[in-house]
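For reference, upload36.txt is printed below; it contains compact mmCIF, N, CA and C atoms.
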```txt
# COMPACT_ATOMS: atom_id res chain seq x y z
N LYS A 28 -14.92 9.17 -27.78
CA LYS A 28 -14.68 9.51 -26.39
C LYS A 28 -14.28 8.28 -25.58
N GLU A 29 -14.89 7.14 -25.90
CA GLU A 29 -14.56 5.92 -25.17
C GLU A 29 -13.11 5.50 -25.41
N ALA A 30 -12.64 5.65 -26.65
CA ALA A 30 -11.26 5.31 -26.96
C ALA A 30 -10.30 6.23 -26.22
N PHE A 31 -10.65 7.52 -26.11
CA PHE A 31 -9.81 8.48 -25.39
C PHE A 31 -9.71 8.10 -23.92
N THR A 32 -10.85 7.72 -23.32
CA THR A 32 -10.86 7.34 -21.91
C THR A 32 -10.05 6.07 -21.70
N HIS A 33 -10.21 5.10 -22.56
CA HIS A 33 -9.47 3.84 -22.45
C HIS A 33 -7.97 4.09 -22.58
N LYS A 34 -7.60 4.89 -23.57
CA LYS A 34 -6.18 5.18 -23.78
C LYS A 34 -5.61 5.95 -22.59
N SER A 35 -6.36 6.89 -22.05
CA SER A 35 -5.89 7.67 -20.90
C SER A 35 -5.69 6.78 -19.68
N LEU A 36 -6.61 5.85 -19.44
CA LEU A 36 -6.46 4.94 -18.31
C LEU A 36 -5.26 4.01 -18.48
N LEU A 37 -5.02 3.58 -19.72
CA LEU A 37 -3.83 2.75 -19.97
C LEU A 37 -2.55 3.52 -19.69
N ILE A 38 -2.50 4.77 -20.12
CA ILE A 38 -1.31 5.58 -19.91
C ILE A 38 -1.09 5.82 -18.42
N LEU A 39 -2.15 6.14 -17.69
CA LEU A 39 -2.01 6.37 -16.26
C LEU A 39 -1.64 5.09 -15.52
N GLY A 40 -2.23 3.96 -15.92
CA GLY A 40 -1.89 2.68 -15.30
C GLY A 40 -0.45 2.29 -15.55
N ARG A 41 0.02 2.52 -16.77
CA ARG A 41 1.42 2.22 -17.08
C ARG A 41 2.37 3.16 -16.33
N GLY A 42 1.94 4.39 -16.12
CA GLY A 42 2.77 5.34 -15.36
C GLY A 42 2.98 4.87 -13.93
N ILE A 43 1.95 4.31 -13.34
CA ILE A 43 2.08 3.78 -11.98
C ILE A 43 2.89 2.49 -12.01
N GLY A 44 2.69 1.66 -13.02
CA GLY A 44 3.47 0.43 -13.16
C GLY A 44 4.95 0.68 -13.37
N GLN A 45 5.30 1.81 -13.98
CA GLN A 45 6.71 2.14 -14.22
C GLN A 45 7.49 2.35 -12.92
N VAL A 46 6.80 2.57 -11.82
CA VAL A 46 7.50 2.72 -10.54
C VAL A 46 8.29 1.46 -10.23
N MET A 47 7.77 0.31 -10.62
CA MET A 47 8.48 -0.97 -10.45
C MET A 47 8.98 -1.50 -11.79
N PHE A 48 9.19 -0.61 -12.75
CA PHE A 48 9.72 -0.93 -14.08
C PHE A 48 8.87 -1.96 -14.82
N GLN A 49 7.56 -1.87 -14.65
CA GLN A 49 6.62 -2.74 -15.35
C GLN A 49 5.83 -1.90 -16.35
N ASN A 50 5.97 -2.19 -17.62
CA ASN A 50 5.25 -1.45 -18.66
C ASN A 50 3.92 -2.14 -18.93
N ASN A 51 3.08 -2.18 -17.89
CA ASN A 51 1.83 -2.89 -18.00
C ASN A 51 0.81 -2.20 -17.12
N ALA A 52 -0.36 -1.90 -17.68
CA ALA A 52 -1.40 -1.21 -16.92
C ALA A 52 -1.97 -2.08 -15.81
N LEU A 53 -2.03 -3.39 -16.02
CA LEU A 53 -2.52 -4.29 -14.98
C LEU A 53 -1.58 -4.30 -13.78
N SER A 54 -0.28 -4.31 -14.03
CA SER A 54 0.69 -4.22 -12.93
C SER A 54 0.53 -2.91 -12.19
N GLY A 55 0.27 -1.84 -12.93
CA GLY A 55 0.03 -0.54 -12.31
C GLY A 55 -1.21 -0.55 -11.44
N LEU A 56 -2.27 -1.23 -11.90
CA LEU A 56 -3.48 -1.33 -11.11
C LEU A 56 -3.23 -2.11 -9.82
N LEU A 57 -2.50 -3.19 -9.91
CA LEU A 57 -2.18 -3.98 -8.71
C LEU A 57 -1.33 -3.17 -7.73
N MET A 58 -0.40 -2.41 -8.25
CA MET A 58 0.41 -1.54 -7.38
C MET A 58 -0.46 -0.47 -6.74
N LEU A 59 -1.38 0.09 -7.52
CA LEU A 59 -2.25 1.13 -7.00
C LEU A 59 -3.15 0.60 -5.89
N ILE A 60 -3.59 -0.64 -6.01
CA ILE A 60 -4.37 -1.25 -4.93
C ILE A 60 -3.54 -1.30 -3.65
N GLY A 61 -2.27 -1.69 -3.78
CA GLY A 61 -1.38 -1.71 -2.62
C GLY A 61 -1.12 -0.33 -2.05
N ILE A 62 -0.96 0.64 -2.91
CA ILE A 62 -0.72 2.01 -2.44
C ILE A 62 -1.96 2.54 -1.73
N PHE A 63 -3.13 2.16 -2.19
CA PHE A 63 -4.38 2.63 -1.59
C PHE A 63 -4.67 2.01 -0.22
N LEU A 64 -3.79 1.12 0.26
CA LEU A 64 -3.95 0.65 1.64
C LEU A 64 -3.83 1.82 2.60
N ASN A 65 -3.07 2.81 2.20
CA ASN A 65 -3.07 4.10 2.88
C ASN A 65 -3.78 5.07 1.93
N TYR A 66 -4.99 5.42 2.27
CA TYR A 66 -5.87 6.18 1.38
C TYR A 66 -5.22 7.48 0.88
N ALA A 67 -4.53 8.19 1.78
CA ALA A 67 -3.90 9.46 1.40
C ALA A 67 -2.79 9.22 0.37
N ASN A 68 -2.00 8.18 0.55
CA ASN A 68 -0.95 7.88 -0.42
C ASN A 68 -1.53 7.53 -1.79
N GLY A 69 -2.63 6.80 -1.80
CA GLY A 69 -3.28 6.45 -3.06
C GLY A 69 -3.76 7.67 -3.82
N LEU A 70 -4.41 8.58 -3.10
CA LEU A 70 -4.88 9.81 -3.75
C LEU A 70 -3.72 10.66 -4.26
N LEU A 71 -2.67 10.75 -3.47
CA LEU A 71 -1.51 11.54 -3.90
C LEU A 71 -0.78 10.90 -5.08
N ALA A 72 -0.72 9.57 -5.12
CA ALA A 72 -0.08 8.89 -6.25
C ALA A 72 -0.85 9.14 -7.54
N VAL A 73 -2.17 9.02 -7.48
CA VAL A 73 -2.99 9.26 -8.67
C VAL A 73 -2.91 10.72 -9.08
N SER A 74 -2.99 11.62 -8.11
CA SER A 74 -2.91 13.06 -8.41
C SER A 74 -1.57 13.42 -9.05
N GLY A 75 -0.49 12.90 -8.48
CA GLY A 75 0.84 13.18 -9.03
C GLY A 75 0.99 12.65 -10.44
N ASN A 76 0.45 11.47 -10.69
CA ASN A 76 0.52 10.88 -12.02
C ASN A 76 -0.24 11.73 -13.04
N ILE A 77 -1.45 12.12 -12.69
CA ILE A 77 -2.27 12.93 -13.61
C ILE A 77 -1.63 14.29 -13.86
N ILE A 78 -1.16 14.94 -12.80
CA ILE A 78 -0.57 16.27 -12.95
C ILE A 78 0.70 16.23 -13.79
N SER A 79 1.56 15.23 -13.56
CA SER A 79 2.81 15.18 -14.33
C SER A 79 2.54 14.83 -15.79
N THR A 80 1.57 13.97 -16.05
CA THR A 80 1.22 13.63 -17.44
C THR A 80 0.63 14.84 -18.16
N LEU A 81 -0.26 15.56 -17.50
CA LEU A 81 -0.84 16.76 -18.12
C LEU A 81 0.22 17.84 -18.32
N THR A 82 1.13 17.97 -17.38
CA THR A 82 2.21 18.97 -17.51
C THR A 82 3.08 18.66 -18.73
N ALA A 83 3.38 17.39 -18.95
CA ALA A 83 4.18 17.00 -20.12
C ALA A 83 3.45 17.34 -21.41
N ARG A 84 2.16 17.08 -21.44
CA ARG A 84 1.39 17.37 -22.65
C ARG A 84 1.27 18.87 -22.89
N ILE A 85 1.04 19.63 -21.84
CA ILE A 85 0.94 21.09 -21.99
C ILE A 85 2.28 21.68 -22.42
N SER A 86 3.38 21.08 -21.96
CA SER A 86 4.72 21.57 -22.28
C SER A 86 5.13 21.23 -23.71
N GLY A 87 4.32 20.45 -24.40
CA GLY A 87 4.60 20.17 -25.81
C GLY A 87 5.28 18.85 -26.07
N TYR A 88 5.38 17.99 -25.07
CA TYR A 88 5.98 16.69 -25.30
C TYR A 88 5.01 15.82 -26.08
N ASP A 89 5.52 14.74 -26.64
CA ASP A 89 4.72 13.85 -27.48
C ASP A 89 3.48 13.38 -26.73
N CYS A 90 2.32 13.53 -27.35
CA CYS A 90 1.05 13.15 -26.72
C CYS A 90 0.84 11.64 -26.73
N ASP A 91 1.65 10.91 -27.44
CA ASP A 91 1.49 9.47 -27.54
C ASP A 91 2.47 8.76 -26.61
N ASP A 92 2.26 8.94 -25.31
CA ASP A 92 3.13 8.34 -24.30
C ASP A 92 2.63 6.93 -23.99
N LYS A 93 3.04 5.97 -24.80
CA LYS A 93 2.55 4.60 -24.65
C LYS A 93 3.14 3.90 -23.43
N ASN A 94 4.25 4.37 -22.93
CA ASN A 94 4.92 3.69 -21.82
C ASN A 94 4.62 4.28 -20.46
N GLY A 95 3.91 5.39 -20.40
CA GLY A 95 3.56 5.99 -19.13
C GLY A 95 4.72 6.66 -18.42
N LEU A 96 5.76 7.00 -19.16
CA LEU A 96 6.96 7.57 -18.53
C LEU A 96 6.73 8.97 -17.97
N TYR A 97 5.76 9.69 -18.51
CA TYR A 97 5.50 11.04 -17.99
C TYR A 97 4.89 10.99 -16.59
N GLY A 98 4.21 9.91 -16.26
CA GLY A 98 3.58 9.80 -14.95
C GLY A 98 4.44 9.16 -13.89
N LEU A 99 5.56 8.60 -14.28
CA LEU A 99 6.43 7.88 -13.34
C LEU A 99 6.88 8.76 -12.19
N ASN A 100 7.53 9.87 -12.49
CA ASN A 100 8.06 10.73 -11.42
C ASN A 100 6.96 11.40 -10.61
N GLY A 101 5.86 11.73 -11.26
CA GLY A 101 4.73 12.31 -10.51
C GLY A 101 4.18 11.33 -9.50
N THR A 102 4.11 10.07 -9.86
CA THR A 102 3.65 9.05 -8.92
C THR A 102 4.62 8.92 -7.76
N LEU A 103 5.91 8.90 -8.05
CA LEU A 103 6.91 8.79 -6.99
C LEU A 103 6.86 9.98 -6.04
N VAL A 104 6.71 11.17 -6.59
CA VAL A 104 6.62 12.37 -5.73
C VAL A 104 5.35 12.31 -4.90
N GLY A 105 4.27 11.83 -5.48
CA GLY A 105 3.02 11.73 -4.74
C GLY A 105 3.10 10.82 -3.54
N ILE A 106 3.79 9.68 -3.68
CA ILE A 106 3.85 8.75 -2.56
C ILE A 106 5.00 9.04 -1.60
N SER A 107 5.81 10.01 -1.89
CA SER A 107 6.95 10.33 -1.02
C SER A 107 6.65 11.49 -0.08
N ARG A 108 5.41 11.68 0.27
CA ARG A 108 5.02 12.83 1.06
C ARG A 108 5.50 12.79 2.49
N ARG A 109 5.89 11.64 3.00
CA ARG A 109 6.31 11.53 4.39
C ARG A 109 7.78 11.31 4.54
```

Structure rendered as structure tokens:
Amino acid sequence: KEAFTHKSLLILGRGIGQVMFQNNALSGLLMLIGIFLNYANGLLAVSGNIISTLTARISGYDCDDKNGLYGLNGTLVGISRR
């Protein structure tokens, strides 16, 4: 279970990092800190990332998304609410 949680956090972090073309979970975390300066945008970015990643998995896409590409567009849609 711990490996699943770690892997999931890496995928979500990389999905947020892909917004600035960074394939790195740490870059994604730093970006997320900046996005959370507006609390609503932070929540929407995380929600969009999780929803788009889960949608890709449910739709039958490869479950081994090492680059976080499934969460990229969900994050962008989440922060584009205004």

Residue nearest Ile78 in chain A among A:Ser35, A:Thr102, A:Asp91, A:Leu59 (counting only N, CA and C atoms):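 Closest to Ile78 in chain A of all the choices is A:Thr102.
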
List every protein, DNA or RNA residue with an atom no more than 12 Å from (-5.0, -3.3, -14.7) in the file's coordinates, counting only C-alpha atoms, and format the result as a PDB file with N, CA and C atoms, in the frame of the given file.
```pdb
ATOM      1  N   HIS A  33     -10.210   5.100 -22.560  1.00  0.00           N
ATOM      2  CA  HIS A  33      -9.470   3.840 -22.450  1.00  0.00           C
ATOM      3  C   HIS A  33      -7.970   4.090 -22.580  1.00  0.00           C
ATOM      4  N   LEU A  36      -6.610   5.850 -19.440  1.00  0.00           N
ATOM      5  CA  LEU A  36      -6.460   4.940 -18.310  1.00  0.00           C
ATOM      6  C   LEU A  36      -5.260   4.010 -18.480  1.00  0.00           C
ATOM      7  N   LEU A  37      -5.020   3.580 -19.720  1.00  0.00           N
ATOM      8  CA  LEU A  37      -3.830   2.750 -19.970  1.00  0.00           C
ATOM      9  C   LEU A  37      -2.550   3.520 -19.690  1.00  0.00           C
ATOM     10  N   ILE A  38      -2.500   4.770 -20.120  1.00  0.00           N
ATOM     11  CA  ILE A  38      -1.310   5.580 -19.910  1.00  0.00           C
ATOM     12  C   ILE A  38      -1.090   5.820 -18.420  1.00  0.00           C
ATOM     13  N   LEU A  39      -2.150   6.140 -17.690  1.00  0.00           N
ATOM     14  CA  LEU A  39      -2.010   6.370 -16.260  1.00  0.00           C
ATOM     15  C   LEU A  39      -1.640   5.090 -15.520  1.00  0.00           C
ATOM     16  N   GLY A  40      -2.230   3.960 -15.920  1.00  0.00           N
ATOM     17  CA  GLY A  40      -1.890   2.680 -15.300  1.00  0.00           C
ATOM     18  C   GLY A  40      -0.450   2.290 -15.550  1.00  0.00           C
ATOM     19  N   ARG A  41       0.020   2.520 -16.770  1.00  0.00           N
ATOM     20  CA  ARG A  41       1.420   2.220 -17.080  1.00  0.00           C
ATOM     21  C   ARG A  41       2.370   3.160 -16.330  1.00  0.00           C
ATOM     22  N   GLY A  42       1.940   4.390 -16.120  1.00  0.00           N
ATOM     23  CA  GLY A  42       2.770   5.340 -15.360  1.00  0.00           C
ATOM     24  C   GLY A  42       2.980   4.870 -13.930  1.00  0.00           C
ATOM     25  N   ILE A  43       1.950   4.310 -13.340  1.00  0.00           N
ATOM     26  CA  ILE A  43       2.080   3.780 -11.980  1.00  0.00           C
ATOM     27  C   ILE A  43       2.890   2.490 -12.010  1.00  0.00           C
ATOM     28  N   GLY A  44       2.690   1.660 -13.020  1.00  0.00           N
ATOM     29  CA  GLY A  44       3.470   0.430 -13.160  1.00  0.00           C
ATOM     30  C   GLY A  44       4.950   0.680 -13.370  1.00  0.00           C
ATOM     31  N   GLN A  49       7.560  -1.870 -14.650  1.00  0.00           N
ATOM     32  CA  GLN A  49       6.620  -2.740 -15.350  1.00  0.00           C
ATOM     33  C   GLN A  49       5.830  -1.900 -16.350  1.00  0.00           C
ATOM     34  N   ASN A  50       5.970  -2.190 -17.620  1.00  0.00           N
ATOM     35  CA  ASN A  50       5.250  -1.450 -18.660  1.00  0.00           C
ATOM     36  C   ASN A  50       3.920  -2.140 -18.930  1.00  0.00           C
ATOM     37  N   ASN A  51       3.080  -2.180 -17.890  1.00  0.00           N
ATOM     38  CA  ASN A  51       1.830  -2.890 -18.000  1.00  0.00           C
ATOM     39  C   ASN A  51       0.810  -2.200 -17.120  1.00  0.00           C
ATOM     40  N   ALA A  52      -0.360  -1.900 -17.680  1.00  0.00           N
ATOM     41  CA  ALA A  52      -1.400  -1.210 -16.920  1.00  0.00           C
ATOM     42  C   ALA A  52      -1.970  -2.080 -15.810  1.00  0.00           C
ATOM     43  N   LEU A  53      -2.030  -3.390 -16.020  1.00  0.00           N
ATOM     44  CA  LEU A  53      -2.520  -4.290 -14.980  1.00  0.00           C
ATOM     45  C   LEU A  53      -1.580  -4.300 -13.780  1.00  0.00           C
ATOM     46  N   SER A  54      -0.280  -4.310 -14.030  1.00  0.00           N
ATOM     47  CA  SER A  54       0.690  -4.220 -12.930  1.00  0.00           C
ATOM     48  C   SER A  54       0.530  -2.910 -12.190  1.00  0.00           C
ATOM     49  N   GLY A  55       0.270  -1.840 -12.930  1.00  0.00           N
ATOM     50  CA  GLY A  55       0.030  -0.540 -12.310  1.00  0.00           C
ATOM     51  C   GLY A  55      -1.210  -0.550 -11.440  1.00  0.00           C
ATOM     52  N   LEU A  56      -2.270  -1.230 -11.900  1.00  0.00           N
ATOM     53  CA  LEU A  56      -3.480  -1.330 -11.110  1.00  0.00           C
ATOM     54  C   LEU A  56      -3.230  -2.110  -9.820  1.00  0.00           C
ATOM     55  N   LEU A  57      -2.500  -3.190  -9.910  1.00  0.00           N
ATOM     56  CA  LEU A  57      -2.180  -3.980  -8.710  1.00  0.00           C
ATOM     57  C   LEU A  57      -1.330  -3.170  -7.730  1.00  0.00           C
ATOM     58  N   MET A  58      -0.400  -2.410  -8.250  1.00  0.00           N
ATOM     59  CA  MET A  58       0.410  -1.540  -7.380  1.00  0.00           C
ATOM     60  C   MET A  58      -0.460  -0.470  -6.740  1.00  0.00           C
ATOM     61  N   LEU A  59      -1.380   0.090  -7.520  1.00  0.00           N
ATOM     62  CA  LEU A  59      -2.250   1.130  -7.000  1.00  0.00           C
ATOM     63  C   LEU A  59      -3.150   0.600  -5.890  1.00  0.00           C
ATOM     64  N   ILE A  60      -3.590  -0.640  -6.010  1.00  0.00           N
ATOM     65  CA  ILE A  60      -4.370  -1.250  -4.930  1.00  0.00           C
ATOM     66  C   ILE A  60      -3.540  -1.300  -3.650  1.00  0.00           C
TER      67      ILE A  60
END
```

Distance of CA of Thr82 in chain A from CA of Ile62 in chain A, expressed in Å to one decimal place: 22.9 Å

Helix (DSSP H, G or I) positions in chain A, given as a PyMOL selection string: chain A and resi 29-47+52-62+66-85+96-106

Å distance separating CA of Thr80 in chain A from atom N of Met47 in chain A, one decimal place: 16.3 Å

Counting only C-alpha atoms, the option among A:Ala72, A:Phe63, A:Gln45, A:Thr32 closest to Gly101 in chain A: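 When distances to Gly101 in chain A are compared using only C-alpha atoms, the smallest one comes from A:Ala72.
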
Nearby residues (only C-alpha atoms) at most 12 Å from Gly105 in chain A, same-chain spacing under 3 positions excluded, as a PyMOL selection string: chain A and resi 43+46+62+67-79+98-102+108-109

Using only C-alpha atoms: which of A:Lys34, A:Phe48, A:Glu29, A:Ser107 has the shortest distance to Lys93 in chain A: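 Closest to Lys93 in chain A, using only C-alpha atoms: A:Lys34.
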
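The space separating atom N of Leu64 in chain A from CA of Leu96 in chain A comes to 22.6 Å.
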